[in-house]
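As stored in structure15.pdb (PDB, C-alpha atoms):
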```pdb
MODEL        1
ATOM      1  CA  MET V  30      -3.107 -52.132 -34.702
ATOM      2  CA  SER V  31      -4.853 -54.044 -31.932
ATOM      3  CA  LYS V  32      -3.476 -57.351 -30.657
ATOM      4  CA  ARG V  33      -6.212 -59.141 -32.581
ATOM      5  CA  HIS V  34      -5.162 -57.449 -35.803
ATOM      6  CA  ASP V  35      -1.484 -58.190 -35.100
ATOM      7  CA  ALA V  36      -2.408 -61.855 -34.766
ATOM      8  CA  ILE V  37      -4.262 -61.778 -38.098
ATOM      9  CA  PHE V  38      -1.250 -60.127 -39.737
ATOM     10  CA  GLU V  39       1.122 -62.782 -38.359
ATOM     11  CA  ASP V  40      -1.154 -65.577 -39.547
ATOM     12  CA  VAL V  41      -1.172 -64.129 -43.033
ATOM     13  CA  LEU V  42       2.623 -63.954 -43.150
ATOM     14  CA  LYS V  43       2.767 -67.529 -41.930
ATOM     15  CA  ASP V  44       0.431 -68.652 -44.715
ATOM     16  CA  LEU V  45       2.388 -66.701 -47.295
ATOM     17  CA  ASN V  46       5.630 -68.373 -46.249
ATOM     18  CA  LYS V  47       3.910 -71.756 -46.376
ATOM     19  CA  ASP V  48       2.661 -71.075 -49.912
ATOM     20  CA  ALA V  49       6.115 -69.934 -51.005
ATOM     21  CA  ALA V  50       7.679 -73.128 -49.636
ATOM     22  CA  GLN V  51       5.222 -75.206 -51.653
ATOM     23  CA  GLY V  52       6.426 -73.531 -54.842
ATOM     24  CA  GLU V  53       3.430 -71.360 -55.659
ATOM     25  CA  ASP V  54       3.824 -68.623 -58.249
ATOM     26  CA  ASP V  55       5.540 -65.499 -56.870
ATOM     27  CA  ARG V  56       2.674 -63.456 -58.186
ATOM     28  CA  GLY V  57      -0.002 -65.334 -56.322
ATOM     29  CA  GLY V  58      -1.772 -63.037 -53.873
ATOM     30  CA  THR V  59      -3.126 -63.681 -50.419
ATOM     31  CA  ARG V  60      -5.919 -61.448 -49.203
ATOM     32  CA  PHE V  61      -6.696 -60.459 -45.673
ATOM     33  CA  LEU V  62      -8.909 -57.909 -43.958
ATOM     34  CA  ARG V  63      -7.377 -55.173 -41.816
ATOM     35  CA  ARG V  64      -9.201 -52.184 -40.397
ATOM     36  CA  SER V  65      -7.980 -49.032 -42.072
ATOM     37  CA  ASN V  66      -7.008 -46.215 -39.702
ATOM     38  CA  ALA V  67      -8.861 -43.761 -41.884
ATOM     39  CA  LEU V  68     -12.081 -45.796 -41.724
ATOM     40  CA  ALA V  69     -11.871 -47.075 -38.154
ATOM     41  CA  GLU V  70     -14.367 -44.600 -36.734
ATOM     42  CA  VAL V  71     -17.167 -45.622 -39.107
ATOM     43  CA  GLY V  72     -16.446 -49.321 -38.647
ATOM     44  CA  GLU V  73     -15.741 -50.111 -42.305
ATOM     45  CA  ARG V  74     -13.079 -52.544 -43.441
ATOM     46  CA  GLU V  75     -10.665 -52.118 -46.306
ATOM     47  CA  GLU V  76      -9.393 -55.126 -48.194
ATOM     48  CA  LYS V  77      -5.615 -55.355 -48.576
ATOM     49  CA  VAL V  78      -3.497 -57.570 -50.819
ATOM     50  CA  LEU V  79      -0.128 -58.925 -49.670
ATOM     51  CA  ARG V  80       2.192 -60.765 -52.016
ATOM     52  CA  TRP V  81       5.617 -62.347 -51.842
ATOM     53  CA  VAL V  82       7.349 -61.431 -55.118
ATOM     54  CA  ASP V  83      10.738 -61.496 -56.771
ATOM     55  CA  PRO V  84      12.165 -57.964 -56.266
ATOM     56  CA  ALA V  85      13.229 -58.059 -59.911
ATOM     57  CA  LEU V  86       9.529 -57.654 -60.782
ATOM     58  CA  CYS V  87       9.531 -54.216 -59.113
ATOM     59  CA  VAL V  88      10.820 -50.811 -60.129
ATOM     60  CA  MET V  89      11.053 -47.640 -58.055
ATOM     61  CA  TRP V  90       8.386 -45.029 -58.650
ATOM     62  CA  GLU V  91      10.048 -42.151 -60.483
ATOM     63  CA  ARG V  92       8.785 -39.788 -57.760
ATOM     64  CA  HIS V  93      10.129 -41.972 -54.931
ATOM     65  CA  ASN V  94      11.551 -39.729 -52.208
ATOM     66  CA  ARG V  95      14.691 -41.788 -51.676
ATOM     67  CA  ALA V  96      17.682 -41.767 -54.020
ATOM     68  CA  TYR V  97      17.924 -45.515 -54.704
ATOM     69  CA  GLU V  98      21.361 -45.164 -56.283
ATOM     70  CA  LEU V  99      22.747 -44.067 -52.901
ATOM     71  CA  LEU V 100      21.728 -47.337 -51.229
ATOM     72  CA  ASN V 101      24.503 -49.836 -50.650
ATOM     73  CA  GLU V 102      25.448 -52.749 -48.431
ATOM     74  CA  ASP V 103      26.863 -50.465 -45.729
ATOM     75  CA  ASN V 104      23.915 -48.127 -45.259
ATOM     76  CA  CYS V 105      21.433 -51.020 -45.509
ATOM     77  CA  ARG V 106      23.421 -53.415 -43.326
ATOM     78  CA  ASP V 107      21.043 -53.129 -40.355
ATOM     79  CA  LEU V 108      18.048 -54.069 -42.496
ATOM     80  CA  ILE V 109      19.895 -56.858 -44.323
ATOM     81  CA  ASP V 110      20.906 -58.435 -41.007
ATOM     82  CA  SER V 111      17.403 -58.001 -39.576
ATOM     83  CA  ILE V 112      15.691 -59.724 -42.510
ATOM     84  CA  ARG V 113      18.251 -62.524 -42.491
ATOM     85  CA  SER V 114      17.892 -63.133 -38.748
ATOM     86  CA  GLN V 115      14.077 -62.976 -38.870
ATOM     87  CA  GLY V 116      13.969 -65.293 -41.853
ATOM     88  CA  GLN V 117      11.681 -62.922 -43.739
ATOM     89  CA  GLN V 118      10.763 -59.299 -44.328
ATOM     90  CA  GLU V 119       8.455 -58.256 -41.489
ATOM     91  CA  PHE V 120       6.713 -55.194 -42.923
ATOM     92  CA  PRO V 121       5.354 -54.985 -46.471
ATOM     93  CA  ALA V 122       6.399 -52.347 -48.963
ATOM     94  CA  ILE V 123       3.628 -50.356 -50.652
ATOM     95  CA  VAL V 124       3.392 -50.841 -54.413
ATOM     96  CA  ARG V 125       1.088 -50.128 -57.337
ATOM     97  CA  LYS V 126       0.282 -52.590 -60.087
ATOM     98  CA  LEU V 127       1.717 -51.557 -63.440
ATOM     99  CA  GLY V 128      -0.171 -51.973 -66.662
ATOM    100  CA  LYS V 129       0.483 -54.548 -69.366
ATOM    101  CA  GLY V 130       3.425 -53.994 -71.631
ATOM    102  CA  ARG V 131       5.663 -52.642 -68.881
ATOM    103  CA  ALA V 132       9.043 -54.173 -68.113
ATOM    104  CA  ALA V 133       8.088 -54.630 -64.457
ATOM    105  CA  GLU V 134       4.850 -55.623 -62.740
ATOM    106  CA  TYR V 135       4.951 -53.381 -59.683
ATOM    107  CA  GLU V 136       5.970 -49.823 -58.878
ATOM    108  CA  VAL V 137       7.408 -49.256 -55.393
ATOM    109  CA  ILE V 138       5.914 -46.287 -53.551
ATOM    110  CA  CYS V 139       7.378 -47.039 -50.089
ATOM    111  CA  GLY V 140      10.048 -49.640 -49.425
ATOM    112  CA  ALA V 141      13.224 -48.851 -51.373
ATOM    113  CA  ARG V 142      15.556 -50.033 -48.582
ATOM    114  CA  ARG V 143      13.545 -53.230 -48.150
ATOM    115  CA  HIS V 144      13.783 -53.779 -51.904
ATOM    116  CA  PHE V 145      17.549 -53.274 -51.863
ATOM    117  CA  ALA V 146      18.029 -55.514 -48.818
ATOM    118  CA  VAL V 147      16.038 -58.424 -50.260
ATOM    119  CA  SER V 148      17.715 -58.002 -53.666
ATOM    120  CA  TRP V 149      21.137 -58.035 -52.002
ATOM    121  CA  LEU V 150      20.322 -61.183 -50.023
ATOM    122  CA  ARG V 151      19.067 -63.000 -53.132
ATOM    123  CA  ALA V 152      22.264 -62.039 -54.967
ATOM    124  CA  ASN V 153      24.448 -63.166 -52.059
ATOM    125  CA  ASN V 154      23.558 -66.802 -51.401
ATOM    126  CA  TYR V 155      20.036 -66.330 -49.993
ATOM    127  CA  PRO V 156      17.782 -66.953 -53.018
ATOM    128  CA  GLN V 157      14.879 -68.051 -50.784
ATOM    129  CA  PHE V 158      14.085 -64.517 -49.687
ATOM    130  CA  ARG V 159      11.229 -62.717 -51.382
ATOM    131  CA  TYR V 160       9.963 -59.172 -51.315
ATOM    132  CA  LEU V 161       6.756 -58.662 -49.326
ATOM    133  CA  VAL V 162       4.500 -56.040 -50.915
ATOM    134  CA  GLU V 163       1.064 -54.605 -50.309
ATOM    135  CA  VAL V 164      -0.695 -53.720 -53.544
ATOM    136  CA  ARG V 165      -2.716 -50.505 -53.493
ATOM    137  CA  ASP V 166      -4.618 -48.432 -56.008
ATOM    138  CA  LEU V 167      -3.235 -44.899 -55.536
ATOM    139  CA  SER V 168      -3.167 -41.651 -57.481
ATOM    140  CA  ASP V 169       0.222 -39.935 -57.783
ATOM    141  CA  GLU V 170      -0.737 -37.319 -55.185
ATOM    142  CA  GLU V 171      -1.929 -40.011 -52.777
ATOM    143  CA  ALA V 172       1.284 -41.954 -53.380
ATOM    144  CA  PHE V 173       3.349 -38.856 -52.634
ATOM    145  CA  ARG V 174       1.548 -38.179 -49.347
ATOM    146  CA  LEU V 175       1.746 -41.832 -48.302
ATOM    147  CA  ALA V 176       5.502 -41.962 -48.942
ATOM    148  CA  ASP V 177       5.977 -38.677 -47.089
ATOM    149  CA  VAL V 178       4.081 -39.860 -44.016
ATOM    150  CA  GLU V 179       6.054 -43.119 -43.875
ATOM    151  CA  ASN V 180       9.464 -41.520 -44.343
ATOM    152  CA  ARG V 181       9.171 -38.027 -42.817
ATOM    153  CA  ASP V 182      10.790 -38.953 -39.498
ATOM    154  CA  ARG V 183      13.346 -41.392 -40.854
ATOM    155  CA  GLU V 184      16.898 -40.194 -40.397
ATOM    156  CA  ASP V 185      18.225 -42.297 -43.266
ATOM    157  CA  ILE V 186      16.507 -40.009 -45.779
ATOM    158  CA  SER V 187      18.511 -36.823 -46.100
ATOM    159  CA  ASP V 188      17.142 -33.316 -45.840
ATOM    160  CA  PHE V 189      18.088 -32.698 -49.467
ATOM    161  CA  GLU V 190      16.307 -35.803 -50.786
ATOM    162  CA  ARG V 191      13.186 -34.767 -48.892
ATOM    163  CA  ALA V 192      13.499 -31.159 -50.082
ATOM    164  CA  LYS V 193      13.764 -32.104 -53.757
ATOM    165  CA  ASP V 194      10.743 -34.373 -53.358
ATOM    166  CA  TYR V 195       8.712 -31.508 -51.891
ATOM    167  CA  ALA V 196       9.810 -29.065 -54.584
ATOM    168  CA  GLY V 197       8.744 -31.436 -57.354
ATOM    169  CA  ALA V 198       5.424 -32.210 -55.685
ATOM    170  CA  LEU V 199       4.666 -28.508 -55.170
ATOM    171  CA  GLU V 200       4.489 -27.910 -58.913
ATOM    172  CA  GLN V 201       3.202 -31.307 -60.006
ATOM    173  CA  TYR V 202       0.351 -31.806 -57.546
ATOM    174  CA  TYR V 203      -0.424 -28.425 -55.983
ATOM    175  CA  GLY V 204       0.051 -25.942 -58.826
ATOM    176  CA  GLY V 205       2.810 -24.106 -56.972
ATOM    177  CA  ARG V 206       0.445 -23.255 -54.079
ATOM    178  CA  GLN V 207       2.574 -23.691 -50.993
ATOM    179  CA  LYS V 208      -0.290 -23.124 -48.581
ATOM    180  CA  ALA V 209      -2.415 -25.845 -50.206
ATOM    181  CA  MET V 210       0.479 -28.299 -50.060
ATOM    182  CA  ALA V 211       1.189 -27.522 -46.394
ATOM    183  CA  GLU V 212      -2.476 -28.142 -45.557
ATOM    184  CA  ARG V 213      -2.512 -31.492 -47.361
ATOM    185  CA  LEU V 214       0.674 -32.601 -45.600
ATOM    186  CA  GLU V 215      -0.581 -31.182 -42.290
ATOM    187  CA  VAL V 216       2.594 -29.162 -41.685
ATOM    188  CA  SER V 217       3.182 -25.446 -41.191
ATOM    189  CA  GLU V 218       3.983 -23.230 -44.171
ATOM    190  CA  GLY V 219       7.174 -22.110 -42.436
ATOM    191  CA  TRP V 220       8.381 -25.702 -42.029
ATOM    192  CA  LEU V 221       7.662 -26.489 -45.669
ATOM    193  CA  SER V 222       9.257 -23.238 -46.834
ATOM    194  CA  ARG V 223      12.570 -24.142 -45.199
ATOM    195  CA  TYR V 224      12.775 -27.381 -47.188
ATOM    196  CA  LEU V 225      11.814 -25.622 -50.415
ATOM    197  CA  THR V 226      14.660 -23.162 -49.785
ATOM    198  CA  LEU V 227      17.035 -26.110 -49.506
ATOM    199  CA  ALA V 228      15.759 -27.592 -52.770
ATOM    200  CA  ARG V 229      16.477 -24.299 -54.565
ATOM    201  CA  LEU V 230      20.156 -24.111 -53.647
ATOM    202  CA  PRO V 231      22.275 -23.467 -56.780
ATOM    203  CA  ASP V 232      23.707 -26.645 -58.305
ATOM    204  CA  ILE V 233      27.271 -25.480 -57.759
ATOM    205  CA  VAL V 234      26.598 -25.105 -54.018
ATOM    206  CA  VAL V 235      25.133 -28.625 -53.910
ATOM    207  CA  SER V 236      28.245 -29.899 -55.722
ATOM    208  CA  ALA V 237      30.425 -28.371 -53.016
ATOM    209  CA  TYR V 238      29.287 -31.102 -50.615
ATOM    210  CA  ALA V 239      30.799 -34.570 -50.713
ATOM    211  CA  SER V 240      27.297 -36.104 -50.795
ATOM    212  CA  ILE V 241      23.773 -34.726 -51.028
ATOM    213  CA  ARG V 242      23.157 -36.518 -47.736
ATOM    214  CA  ASP V 243      25.496 -34.043 -46.049
ATOM    215  CA  ILE V 244      23.398 -30.987 -46.943
ATOM    216  CA  LYS V 245      21.156 -29.927 -44.092
ATOM    217  CA  GLU V 246      18.132 -27.654 -44.043
ATOM    218  CA  LEU V 247      20.070 -25.394 -41.650
ATOM    219  CA  HIS V 248      22.812 -24.943 -44.281
ATOM    220  CA  ALA V 249      20.308 -23.514 -46.752
ATOM    221  CA  ARG V 250      18.919 -21.137 -44.132
ATOM    222  CA  THR V 251      22.437 -19.885 -43.404
ATOM    223  CA  LEU V 252      23.439 -19.450 -47.043
ATOM    224  CA  LYS V 253      20.184 -17.973 -48.364
ATOM    225  CA  PRO V 254      20.808 -14.326 -47.320
ATOM    226  CA  LEU V 255      24.450 -14.522 -48.465
ATOM    227  CA  LEU V 256      23.453 -15.826 -51.908
ATOM    228  CA  ALA V 257      20.662 -13.257 -52.246
ATOM    229  CA  ASP V 258      22.981 -10.335 -51.481
ATOM    230  CA  PRO V 259      24.517  -8.975 -54.736
ATOM    231  CA  LYS V 260      27.669  -8.088 -52.809
ATOM    232  CA  SER V 261      28.295 -11.511 -51.271
ATOM    233  CA  GLY V 262      26.481 -13.884 -53.676
ATOM    234  CA  PRO V 263      29.174 -14.011 -56.415
ATOM    235  CA  ALA V 264      31.932 -14.595 -53.848
ATOM    236  CA  VAL V 265      30.018 -17.481 -52.249
ATOM    237  CA  LEU V 266      29.390 -19.093 -55.651
ATOM    238  CA  GLU V 267      33.064 -18.726 -56.581
ATOM    239  CA  ALA V 268      34.082 -20.395 -53.322
ATOM    240  CA  ALA V 269      31.548 -23.172 -53.935
ATOM    241  CA  GLN V 270      33.041 -23.820 -57.364
ATOM    242  CA  ASP V 271      36.508 -24.166 -55.844
ATOM    243  CA  VAL V 272      35.267 -26.544 -53.115
ATOM    244  CA  ALA V 273      33.299 -28.592 -55.675
ATOM    245  CA  ALA V 274      36.505 -29.110 -57.695
ATOM    246  CA  ARG V 275      38.286 -30.323 -54.556
ATOM    247  CA  GLN V 276      35.426 -32.716 -53.771
ATOM    248  CA  THR V 277      35.596 -34.117 -57.316
ATOM    249  CA  ALA V 278      39.335 -34.665 -56.921
ATOM    250  CA  ALA V 279      38.726 -36.435 -53.592
ATOM    251  CA  ARG V 280      36.252 -38.820 -55.262
ATOM    252  CA  GLU V 281      39.027 -39.650 -57.739
ATOM    253  CA  GLY V 282      41.393 -40.500 -54.895
ATOM    254  CA  LYS V 283      43.233 -37.185 -54.828
ATOM    255  CA  GLY V 284      42.950 -36.021 -51.252
ATOM    256  CA  ALA V 285      40.305 -36.370 -48.572
ATOM    257  CA  PRO V 286      36.709 -35.148 -48.936
ATOM    258  CA  ILE V 287      35.776 -31.951 -47.142
ATOM    259  CA  GLU V 288      33.284 -32.406 -44.306
ATOM    260  CA  ALA V 289      29.944 -30.652 -44.454
ATOM    261  CA  SER V 290      30.639 -28.347 -41.497
ATOM    262  CA  LYS V 291      33.891 -27.236 -43.110
ATOM    263  CA  VAL V 292      32.138 -26.634 -46.435
ATOM    264  CA  LEU V 293      29.603 -24.368 -44.756
ATOM    265  CA  SER V 294      32.376 -22.512 -42.940
ATOM    266  CA  ILE V 295      34.277 -21.928 -46.200
ATOM    267  CA  LEU V 296      31.210 -20.619 -48.001
ATOM    268  CA  LYS V 297      30.259 -18.322 -45.121
ATOM    269  CA  SER V 298      33.763 -16.880 -44.845
ATOM    270  CA  ALA V 299      33.814 -16.155 -48.585
ATOM    271  CA  ALA V 300      31.194 -13.442 -48.082
ATOM    272  CA  PRO V 301      32.870 -10.056 -47.438
ATOM    273  CA  SER V 302      32.317  -8.806 -43.927
ATOM    274  CA  PRO V 303      30.148  -5.683 -43.776
ATOM    275  CA  LYS V 304      32.148  -2.551 -43.047
ATOM    276  CA  ARG V 305      31.386  -1.094 -39.675
ATOM    277  CA  THR V 306      30.659   2.603 -39.876
ATOM    278  CA  ARG V 307      31.315   4.758 -36.873
ATOM    279  CA  PRO V 308      28.199   6.523 -35.654
ATOM    280  CA  PRO V 309      28.457  10.273 -36.221
ATOM    281  CA  GLU V 310      29.455  12.458 -33.291
ATOM    282  CA  GLN V 311      27.318  15.327 -32.068
ATOM    283  CA  VAL V 312      28.715  18.422 -30.368
ATOM    284  CA  PHE V 313      26.604  20.675 -28.138
ATOM    285  CA  ARG V 314      28.282  24.032 -27.527
ATOM    286  CA  GLY V 315      27.592  26.537 -24.822
ATOM    287  CA  ALA V 316      29.183  29.363 -26.793
ATOM    288  CA  GLU V 317      30.153  29.882 -30.407
ATOM    289  CA  GLY V 318      33.680  28.640 -30.927
ATOM    290  CA  GLY V 319      33.723  26.757 -27.609
ATOM    291  CA  SER V 320      34.671  23.087 -27.302
ATOM    292  CA  GLY V 321      31.246  22.171 -25.885
ATOM    293  CA  VAL V 322      30.030  18.656 -25.038
ATOM    294  CA  THR V 323      30.660  15.788 -27.483
ATOM    295  CA  LEU V 324      28.112  12.948 -27.679
ATOM    296  CA  ARG V 325      29.149   9.476 -28.820
ATOM    297  CA  LYS V 326      26.918   6.378 -29.036
ATOM    298  CA  ARG V 327      28.229   2.946 -28.107
ATOM    299  CA  GLY V 328      25.476   0.404 -28.595
ATOM    300  CA  SER V 329      22.587   1.419 -26.385
ATOM    301  CA  LYS V 330      24.785   3.692 -24.278
ATOM    302  CA  VAL V 331      25.454   7.420 -24.709
ATOM    303  CA  ILE V 332      28.844   8.879 -23.735
ATOM    304  CA  LEU V 333      29.238  12.613 -23.108
ATOM    305  CA  GLU V 334      32.737  14.095 -23.121
ATOM    306  CA  PHE V 335      33.841  17.632 -22.359
ATOM    307  CA  SER V 336      37.013  19.493 -21.374
ATOM    308  CA  GLU V 337      37.652  20.082 -17.707
ATOM    309  CA  LYS V 338      38.460  23.665 -18.642
ATOM    310  CA  LEU V 339      34.885  24.268 -19.791
ATOM    311  CA  SER V 340      33.214  26.888 -17.565
ATOM    312  CA  ASP V 341      30.102  26.073 -15.552
ATOM    313  CA  ASP V 342      27.980  28.420 -17.641
ATOM    314  CA  GLU V 343      29.169  26.911 -20.939
ATOM    315  CA  LEU V 344      28.567  23.404 -19.572
ATOM    316  CA  ARG V 345      25.005  24.276 -18.499
ATOM    317  CA  VAL V 346      24.168  25.739 -21.913
ATOM    318  CA  ALA V 347      25.691  22.719 -23.684
ATOM    319  CA  PHE V 348      23.691  20.285 -21.519
ATOM    320  CA  ASP V 349      20.520  22.275 -22.122
ATOM    321  CA  ALA V 350      21.138  21.970 -25.853
ATOM    322  CA  PHE V 351      21.700  18.219 -25.476
ATOM    323  CA  LEU V 352      18.471  17.773 -23.448
ATOM    324  CA  ALA V 353      16.515  19.884 -25.936
ATOM    325  CA  GLY V 354      17.583  17.580 -28.745
ATOM    326  CA  ARG V 355      16.561  14.296 -27.048
ATOM    327  CA  PRO V 356      13.209  12.612 -27.868
ATOM    328  CA  LYS V 357      10.520  13.765 -25.428
ATOM    329  CA  GLY V 358       9.758  10.247 -24.180
ATOM    330  CA  ARG V 359      13.310   9.833 -22.918
ATOM    331  CA  ARG V 360      13.544  12.982 -20.788
TER
ENDMDL
END
```
So that I can check it, write out the structure of this file as structure tokens.
Amino acid sequence: MSKRHDAIFEDVLKDLNKDAAQGEDDRGGTRFLRRSNALAEVGEREEKVLRWVDPALCVMWERHNRAYELLNEDNCRDLIDSIRSQGQQEFPAIVRKLGKGRAAEYEVICGARRHFAVSWLRANNYPQFRYLVEVRDLSDEEAFRLADVENRDREDISDFERAKDYAGALEQYYGGRQKAMAERLEVSEGWLSRYLTLARLPDIVVSAYASIRDIKELHARTLKPLLADPKSGPAVLEAAQDVAARQTAAREGKGAPIEASKVLSILKSAAPSPKRTRPPEQVFRGAEGGSGVTLRKRGSKVILEFSEKLSDDELRVAFDAFLAGRPKGRR
């Protein structure tokens, strides 16, 4: 936003606070004009609606890309302290208006942490705080893309939460067409594919981690070939089941949880190591029944061995046989 628009935004917040102090209805809306980024080039203006509301009037959108149940005082402490020190929520959440007959009035598309923080403050001796929301008219697909853009770079949303959101959206909004989804999100197919791989991890592997927030996209990339291999897949799943039982016991106070890096190490080591087969030896003989020259390969190197008792003539014939058998481009 330009400085002029920032000033308009601050004035609106000031007016909203003033209205709230005078006891106006929480649902009363204040309108202001802000240039939309999408329409800036053609000079049009889009009307926005900001409201201060009781967070109890809001519910999370069922397709919200953050697991609300994982929010708590500890992982929202920075936001709680910020809102308390500022005296208000600085940036509005994005919501949709719900129809009549619903238990709540608004559906939160972006702003779960802000909702939790304001709710926590109101429940802990700060009843004056209200939840600042911007009401928009959005389709489900538009809501999904908006939430993704706002939260894609936020570290407090885990890889797994993001992956499950993408996997659900792929079927619900894009008919399973990964390329179409990547184009709409303006990301590469490869980038999207890595998150979809994470979302498809077997449930027992997910349960092997102490929290879904511990599961990284890199973990799925590492485990994918092991799980796909019929020789190693069952062993990895069996190890995951054992680790999941230990994690459950830890949550019940029986022992310490296993860290994510250790979990990955355990699952990787469960896969049987491939047996190394010795490359076959080749023998080039100068005479029938002679010891000849033995060829062994060690990586990209070739080792030729022969007895010191081998005559010069036998050695020449053996080397000629070796050279005759090499690819022409290497002579």
| said: Using only C-alpha atoms, can you tell me which of V:Val322, V:Ala176, V:Ala268, V:Ala350 comes closest to Lys338 in chain V? | reply: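 Going through V:Val322, V:Ala176, V:Ala268, V:Ala350 one by one, the smallest distance to Lys338 in chain V is for V:Val322.
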_Residues within 12 Å of (23.9, -35.2, -47.5), counting all atoms listed in the file, listed as a list in words_ =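 Residues with an atom at most 12 Å from (23.9, -35.2, -47.5): Ala96, Leu99, Glu184, Asp185, Ile186, Ser187, Asp188, Phe189, Glu190, Arg191, Ala192, Leu227, Val235, Ser236, Ala237, Tyr238, Ala239, Ser240, Ile241, Arg242, Asp243, Ile244, Lys245, Glu246, His248, Glu288, Ala289, Ser290 and Val292 of chain V.
Shortest separation to Leu100 in chain V among V:Ser148, V:Gln115, V:Gln270, V:Gln201 occurs at residue V:Ser148, atoms counted being only C-alpha atoms.
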Can you translate the PyMOL selection byres ((chain V and resi 253) around 12) into the concrete residues it hits in this file, as an NGL selection string?
:V and (223 or 225-231 or 234 or 246-252 or 254-259 or 261-262 or 265-266 or 293 or 296-297 or 300)
**Asked** Given the choices V:Pro156, V:Pro84, V:Pro286, V:Gly321, which gets closest to Tyr135 in chain V if the distance is worked out from all atoms listed in the file?
**Response**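 Among the listed residues, V:Pro84 lies closest to Tyr135 in chain V.
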Find the residue from V:Leu86, V:Trp220, V:Leu199, V:Phe351 that sits nearest to Phe173 in chain V; use all atoms listed in the file when measuring.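 The shortest atom-to-atom distance to Phe173 in chain V comes from V:Leu199.
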Close residues, Phe145 in chain V itself excluded, 8 Å, all atoms listed in the file, min 4 positions apart in chain, as a PyMOL selection string = chain V and resi 100-101+105+141+149
Write out, as an mmCIF file, in the coordinates of the input, the residues just selected, with C-alpha atoms.
```cif
data_model
loop_
_atom_site.group_PDB
_atom_site.id
_atom_site.type_symbol
_atom_site.label_atom_id
_atom_site.label_comp_id
_atom_site.auth_asym_id
_atom_site.auth_seq_id
_atom_site.Cartn_x
_atom_site.Cartn_y
_atom_site.Cartn_z
ATOM 1 C CA LEU V 100 21.728 -47.337 -51.229
ATOM 2 C CA ASN V 101 24.503 -49.836 -50.650
ATOM 3 C CA CYS V 105 21.433 -51.020 -45.509
ATOM 4 C CA ALA V 141 13.224 -48.851 -51.373
ATOM 5 C CA TRP V 149 21.137 -58.035 -52.002
#
```
From the list V:Glu218, V:Pro301, V:Glu281, V:Arg131, the nearest residue to Ala264 in chain V using only C-alpha atoms is V:Pro301
Hey, could you pull the box centre and edge lengths for range 264-277 of chain V, axis-aligned, 8 Å padding per side, all listed atoms, to one decimal in Å, as JSON?
```
{"center_x": 33.8, "center_y": -24.4, "center_z": -55.0, "size_x": 24.9, "size_y": 35.5, "size_z": 21.4}
```
Answer key for the PyMOL selection byres ((chain V and resi 122) around 7), residues as number ranges by chain
V: 120-121, 123-124, 139-140, 161-163
Taken to one decimal, the CA of Ile233 in chain V-CA of Ala273 in chain V distance is 7.1 Å
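The smallest atom-to-atom distance between Asp103 in chain V and any of V:Gly128, V:Asp341, V:Phe158, V:Arg142, using all atoms listed in the file, is found for V:Arg142.
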Result set of the PyMOL selection byres ((chain V and resi 207-210) around 10) on the coordinates above, as an MDAnalysis selection string:
chainID V and resid 174 195:196 198:200 202:206 211:219 221:222 225
Repair of range 322-333 of chain V at the level of N, CA and C atoms, as an mmCIF file, in the coordinates of the input:
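Result file is out-v3.cif:
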```
data_model
loop_
_atom_site.group_PDB
_atom_site.id
_atom_site.type_symbol
_atom_site.label_atom_id
_atom_site.label_comp_id
_atom_site.auth_asym_id
_atom_site.auth_seq_id
_atom_site.Cartn_x
_atom_site.Cartn_y
_atom_site.Cartn_z
ATOM 1 N N VAL V 322 30.163 20.044 -25.494
ATOM 2 C CA VAL V 322 30.030 18.656 -25.038
ATOM 3 C C VAL V 322 29.872 17.764 -26.260
ATOM 4 N N THR V 323 30.706 16.727 -26.343
ATOM 5 C CA THR V 323 30.660 15.788 -27.483
ATOM 6 C C THR V 323 29.882 14.539 -27.089
ATOM 7 N N LEU V 324 28.931 14.149 -27.943
ATOM 8 C CA LEU V 324 28.112 12.948 -27.679
ATOM 9 C C LEU V 324 28.548 11.833 -28.614
ATOM 10 N N ARG V 325 28.833 10.671 -28.026
ATOM 11 C CA ARG V 325 29.149 9.476 -28.820
ATOM 12 C C ARG V 325 28.230 8.343 -28.375
ATOM 13 N N LYS V 326 27.772 7.525 -29.353
ATOM 14 C CA LYS V 326 26.918 6.378 -29.036
ATOM 15 C C LYS V 326 27.729 5.096 -29.115
ATOM 16 N N ARG V 327 27.567 4.255 -28.130
ATOM 17 C CA ARG V 327 28.229 2.946 -28.107
ATOM 18 C C ARG V 327 27.166 1.912 -27.767
ATOM 19 N N GLY V 328 26.579 1.321 -28.808
ATOM 20 C CA GLY V 328 25.476 0.404 -28.595
ATOM 21 C C GLY V 328 24.269 1.166 -28.098
ATOM 22 N N SER V 329 23.748 0.728 -26.970
ATOM 23 C CA SER V 329 22.587 1.419 -26.385
ATOM 24 C C SER V 329 22.995 2.501 -25.393
ATOM 25 N N LYS V 330 24.301 2.705 -25.234
ATOM 26 C CA LYS V 330 24.785 3.692 -24.278
ATOM 27 C C LYS V 330 25.161 4.998 -24.975
ATOM 28 N N VAL V 331 25.065 6.094 -24.235
ATOM 29 C CA VAL V 331 25.454 7.420 -24.709
ATOM 30 C C VAL V 331 26.589 7.926 -23.832
ATOM 31 N N ILE V 332 27.672 8.362 -24.466
ATOM 32 C CA ILE V 332 28.844 8.879 -23.735
ATOM 33 C C ILE V 332 28.982 10.368 -24.039
ATOM 34 N N LEU V 333 29.048 11.170 -22.987
ATOM 35 C CA LEU V 333 29.238 12.613 -23.108
ATOM 36 C C LEU V 333 30.637 12.980 -22.625
#
```
